[in-house]
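A.B. asks: My file is input.cif. It has mmCIF, C-alpha atoms:
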data_run
loop_
_atom_site.group_PDB
_atom_site.id
_atom_site.type_symbol
_atom_site.label_atom_id
_atom_site.label_comp_id
_atom_site.auth_asym_id
_atom_site.auth_seq_id
_atom_site.Cartn_x
_atom_site.Cartn_y
_atom_site.Cartn_z
ATOM 1 C CA THR A 215 0.000 0.000 0.000
ATOM 2 C CA PHE A 216 1.233 3.449 -0.885
ATOM 3 C CA ILE A 217 1.864 5.569 2.200
ATOM 4 C CA GLY A 218 0.525 8.774 0.637
ATOM 5 C CA LYS A 219 -2.674 7.335 -0.804
ATOM 6 C CA ALA A 220 -5.768 9.493 -0.934
ATOM 7 C CA ALA A 221 -8.779 9.146 1.337
ATOM 8 C CA PRO A 222 -11.442 6.636 0.270
ATOM 9 C CA SER A 223 -13.893 7.880 -2.334
ATOM 10 C CA TRP A 224 -16.934 7.038 -0.172
ATOM 11 C CA LEU A 225 -15.810 9.430 2.575
ATOM 12 C CA SER A 226 -17.325 12.604 1.080
ATOM 13 C CA SER A 227 -20.668 10.869 0.444
ATOM 14 C CA GLY A 228 -20.707 9.646 4.037
ATOM 15 C CA ILE A 229 -19.970 13.144 5.344
ATOM 16 C CA THR A 230 -22.841 14.586 3.286
ATOM 17 C CA LEU A 231 -25.262 11.928 4.544
ATOM 18 C CA ILE A 232 -24.277 12.466 8.180
ATOM 19 C CA ALA A 233 -24.576 16.269 7.780
ATOM 20 C CA ILE A 234 -28.103 15.946 6.326
ATOM 21 C CA LEU A 235 -29.132 13.653 9.183
ATOM 22 C CA PHE A 236 -27.700 16.126 11.704
ATOM 23 C CA ALA A 237 -29.537 19.042 10.053
ATOM 24 C CA LEU A 238 -32.820 17.095 10.218
ATOM 25 C CA VAL A 239 -32.573 16.576 13.988
ATOM 26 C CA SER A 240 -34.270 19.880 14.847
ATOM 27 C CA PRO A 241 -37.293 19.535 12.490
ATOM 28 C CA VAL A 242 -37.794 15.872 13.429
ATOM 29 C CA CYS A 243 -37.720 16.683 17.161
ATOM 30 C CA ARG A 244 -40.280 19.466 16.624
ATOM 31 C CA GLY A 245 -42.526 17.078 14.685
ATOM 32 C CA TRP A 246 -42.129 14.354 17.295
ATOM 33 C CA ALA A 247 -43.189 16.780 20.028
ATOM 34 C CA GLY A 248 -46.338 17.636 18.049
ATOM 35 C CA ALA A 249 -45.295 21.066 16.777
ATOM 36 C CA PRO A 250 -45.146 21.837 13.055
ATOM 37 C CA MET A 251 -41.766 20.656 11.793
ATOM 38 C CA PHE A 252 -40.952 23.926 10.031
ATOM 39 C CA GLY A 253 -43.209 26.251 12.007
ATOM 40 C CA GLY A 254 -46.553 27.864 11.252
ATOM 41 C CA SER A 255 -45.828 31.478 10.312
ATOM 42 C CA PRO A 256 -43.708 32.620 7.355
ATOM 43 C CA LEU A 257 -41.023 33.944 9.720
ATOM 44 C CA SER A 258 -40.942 30.644 11.592
ATOM 45 C CA ILE A 259 -40.665 28.677 8.336
ATOM 46 C CA THR A 260 -37.837 30.944 7.113
ATOM 47 C CA THR A 261 -36.021 30.567 10.421
ATOM 48 C CA ALA A 262 -36.363 26.780 10.345
ATOM 49 C CA VAL A 263 -35.071 26.574 6.768
ATOM 50 C CA LEU A 264 -32.119 28.848 7.563
ATOM 51 C CA LEU A 265 -31.363 26.750 10.658
ATOM 52 C CA PHE A 266 -31.430 23.619 8.479
ATOM 53 C CA TYR A 267 -28.954 25.122 5.981
ATOM 54 C CA TYR A 268 -26.756 26.490 8.750
ATOM 55 C CA SER A 269 -26.667 23.132 10.539
ATOM 56 C CA PHE A 270 -25.865 21.288 7.312
ATOM 57 C CA TYR A 271 -23.029 23.546 6.176
ATOM 58 C CA ILE A 272 -21.423 24.052 9.577
ATOM 59 C CA PHE A 273 -21.555 20.354 10.419
ATOM 60 C CA SER A 274 -20.319 19.209 6.997
ATOM 61 C CA ASN A 275 -17.428 21.707 7.014
ATOM 62 C CA ASN A 276 -16.465 20.662 10.535
ATOM 63 C CA LEU A 277 -16.609 16.964 9.681
ATOM 64 C CA LEU A 278 -14.711 17.466 6.421
ATOM 65 C CA PHE A 279 -11.955 19.348 8.220
ATOM 66 C CA THR A 280 -11.614 16.787 10.999
ATOM 67 C CA THR A 281 -11.605 13.782 8.634
ATOM 68 C CA SER A 282 -9.032 15.417 6.353
ATOM 69 C CA CYS A 283 -6.826 16.122 9.388
ATOM 70 C CA SER A 284 -7.323 12.581 10.618
ATOM 71 C CA TRP A 285 -6.405 11.134 7.224
ATOM 72 C CA ASN A 286 -3.338 13.371 6.986
ATOM 73 C CA PHE A 287 -2.165 12.307 10.461
ATOM 74 C CA ARG A 288 -2.744 8.676 9.490
ATOM 75 C CA ARG A 289 -0.555 9.090 6.399
ATOM 76 C CA ARG A 290 2.147 10.782 8.469
ATOM 77 C CA ARG A 291 2.009 8.042 11.113
ATOM 78 C CA LEU A 292 2.386 5.335 8.455
ATOM 79 C CA ALA A 293 5.348 7.175 6.933
ATOM 80 C CA MET A 294 7.022 7.528 10.336
ATOM 81 C CA GLU A 295 6.405 3.857 11.116
ATOM 82 C CA ALA A 296 7.970 2.901 7.779
ATOM 83 C CA LEU A 297 11.004 5.071 8.504
ATOM 84 C CA GLY A 298 11.198 3.664 12.038
ATOM 85 C CA SER A 299 11.114 0.108 10.743
ATOM 86 C CA MET A 300 13.979 1.039 8.412
ATOM 87 C CA VAL A 301 16.077 1.885 11.447
ATOM 88 C CA ARG A 302 15.456 -1.578 12.925
ATOM 89 C CA TYR A 303 15.616 -3.363 9.574
ATOM 90 C CA PRO A 304 17.024 -1.128 6.857
ATOM 91 C CA GLY A 305 14.705 -2.226 4.099
ATOM 92 C CA GLU A 306 11.197 -1.287 3.029
ATOM 93 C CA PRO A 307 9.309 -2.516 -0.035
ATOM 94 C CA ALA A 308 9.652 -0.004 -2.838
ATOM 95 C CA ALA A 309 5.903 -0.319 -3.505
ATOM 96 C CA ASN A 310 5.247 1.613 -0.263
ATOM 97 C CA PHE A 311 6.865 4.717 -1.726
ATOM 98 C CA VAL A 312 5.451 4.641 -5.252
ATOM 99 C CA PRO A 313 2.373 6.815 -5.815
ATOM 100 C CA PRO A 314 -0.463 5.590 -8.020
ATOM 101 C CA PRO A 315 0.241 5.996 -11.742
ATOM 102 C CA PRO A 316 -0.894 9.275 -13.289
ATOM 103 C CA LEU A 317 -4.211 9.372 -15.070
ATOM 104 C CA LYS A 318 -3.838 8.764 -18.755
ATOM 105 C CA THR A 319 -4.795 11.670 -20.933
ATOM 106 C CA LYS A 320 -7.193 10.957 -23.722
ATOM 107 C CA SER A 321 -5.360 11.213 -26.981
ATOM 108 C CA LYS A 322 -6.139 10.244 -30.517
ATOM 109 C CA PRO A 323 -5.179 6.659 -31.319
ATOM 110 C CA ALA A 324 -2.047 6.296 -33.398
ATOM 111 C CA LYS A 325 -2.726 5.687 -37.059
ATOM 112 C CA ARG A 326 -1.208 2.535 -38.440
ATOM 113 C CA GLU A 327 0.119 2.452 -41.942
ATOM 114 C CA GLY A 328 -1.256 -0.264 -44.189
ATOM 115 C CA LYS A 329 -4.565 -1.962 -43.614
ATOM 116 C CA GLY A 330 -3.642 -5.491 -44.637
ATOM 117 C CA THR A 331 -3.366 -8.425 -42.295
ATOM 118 C CA THR A 332 -0.075 -9.131 -40.665
ATOM 119 C CA SER A 333 1.377 -12.461 -39.798
ATOM 120 C CA GLY A 334 1.610 -13.173 -36.052
ATOM 121 C CA GLY A 335 -1.003 -10.930 -34.391
ATOM 122 C CA ASP A 336 1.381 -9.779 -31.606
ATOM 123 C CA ASP A 337 2.205 -6.534 -33.451
ATOM 124 C CA THR A 338 -0.978 -4.847 -32.175
ATOM 125 C CA ASN A 339 -0.161 -5.679 -28.555
ATOM 126 C CA GLN A 340 3.355 -4.321 -28.936
ATOM 127 C CA VAL A 341 2.042 -1.073 -30.425
ATOM 128 C CA ALA A 342 -0.459 -0.672 -27.555
ATOM 129 C CA ALA A 343 2.188 -1.387 -24.893
ATOM 130 C CA THR A 344 4.620 1.011 -26.541
ATOM 131 C CA SER A 345 2.032 3.791 -26.712
ATOM 132 C CA GLU A 346 1.157 3.317 -23.006
ATOM 133 C CA ILE A 347 4.822 3.575 -22.055
ATOM 134 C CA GLU A 348 5.190 6.674 -24.213
ATOM 135 C CA GLU A 349 2.126 8.292 -22.563
ATOM 136 C CA VAL A 350 3.507 7.656 -19.072
ATOM 137 C CA ALA A 351 6.982 8.688 -20.224
ATOM 138 C CA ASP A 352 5.608 12.103 -21.137
ATOM 139 C CA VAL A 353 4.237 12.609 -17.610
ATOM 140 C CA GLU A 354 6.747 10.888 -15.306
ATOM 141 C CA SER A 355 10.480 11.212 -14.871
ATOM 142 C CA ALA A 356 12.895 8.412 -15.680
ATOM 143 C CA GLU A 357 13.583 7.929 -11.956
ATOM 144 C CA MET A 358 9.881 7.373 -11.199
ATOM 145 C CA ARG A 359 9.590 4.851 -14.038
ATOM 146 C CA ALA A 360 12.633 3.029 -12.646
ATOM 147 C CA MET A 361 11.074 3.066 -9.162
ATOM 148 C CA ARG A 362 7.809 1.617 -10.532
ATOM 149 C CA ARG A 363 9.738 -1.103 -12.339
ATOM 150 C CA ALA A 364 11.644 -1.940 -9.119
ATOM 151 C CA ALA A 365 8.378 -2.024 -7.128
ATOM 152 C CA ARG A 366 6.823 -4.461 -9.627
ATOM 153 C CA GLU A 367 9.861 -6.719 -9.250
ATOM 154 C CA GLY A 368 9.595 -6.651 -5.424
ATOM 155 C CA ALA A 369 12.681 -4.541 -4.737
ATOM 156 C CA MET A 370 13.460 -3.146 -1.313
ATOM 157 C CA VAL A 371 14.615 0.397 -0.496
ATOM 158 C CA ILE A 372 17.660 0.184 1.753
ATOM 159 C CA ILE A 373 18.915 3.171 3.721
ATOM 160 C CA ASP A 374 22.476 3.349 5.051
ATOM 161 C CA LEU A 375 22.288 5.338 8.278
ATOM 162 C CA LYS A 376 26.060 5.356 8.888
ATOM 163 C CA ASP A 377 26.659 8.288 6.539
ATOM 164 C CA ALA A 378 23.945 10.463 8.040
#
Output the file's structure as structure tokens, nothing else.

C.D. replies:
Amino acid sequence: TFIGKAAPSWLSSGITLIAILFALVSPVCRGWAGAPMFGGSPLSITTAVLLFYYSFYIFSNNLLFTTSCSWNFRRRRLAMEALGSMVRYPGEPAANFVPPPPLKTKSKPAKREGKGTTSGGDDTNQVAATSEIEEVADVESAEMRAMRRAAREGAMVIIDLKDA
């Protein structure tokens, strides 16, 4: 697992759901007590609606801030634990330090010359693999490509602490 990975995608949907439920507490309690949920007069209705919006936005912003801080501290803790384990055993899988590959940009497919059939259908696969490598080569440095290759092969990152 990459130490700097992003928060799960379901987290923002969960925060929104929890914020809506929190904002509905006041109207539901009023309705449960027998009072109109959003009031009876226009001023009361306006106040209840504004309270609903206020509760939603304040709660969602608060929860978003705290979960982003929590996730950031989690990433930092995992990084420090990885560095600490390197002191005890100076090796860490290279895959822990490789970020996810960059998103591929949509580009026009390469035109192939000649429309006849070719013998041995592996030419198409080689062209596709070459174009993927070229796309990533445009975005990433040679060092990052080498690190990804080492991570796929199961290499370890070894740190010599004697020179520090």

A.B. asks: Measure the distance from CA of Ala249 in chain A to CA of Asn276 in chain A in Å and round it to one decimal.

C.D. replies: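 It comes out at 29.5 Å.
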
A.B. asks: Rounded to one decimal place, report the CA of Pro307 in chain A-CA of Arg366 in chain A distance in Å.

C.D. replies: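 CA of Arg366 in chain A lies at a distance of 10.1 Å from CA of Pro307 in chain A.
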
A.B. asks: Which distance in Å separates CA of Arg244 in chain A and CA of Ile232 in chain A, to one decimal?

C.D. replies: 19.4 Å

A.B. asks: Evaluating the PyMOL selection byres ((chain A and resi 278) around 12) on the displayed file yields which residues, as a PyMOL selection string?

C.D. replies: chain A and resi 221+225-230+232-233+270-277+279-285
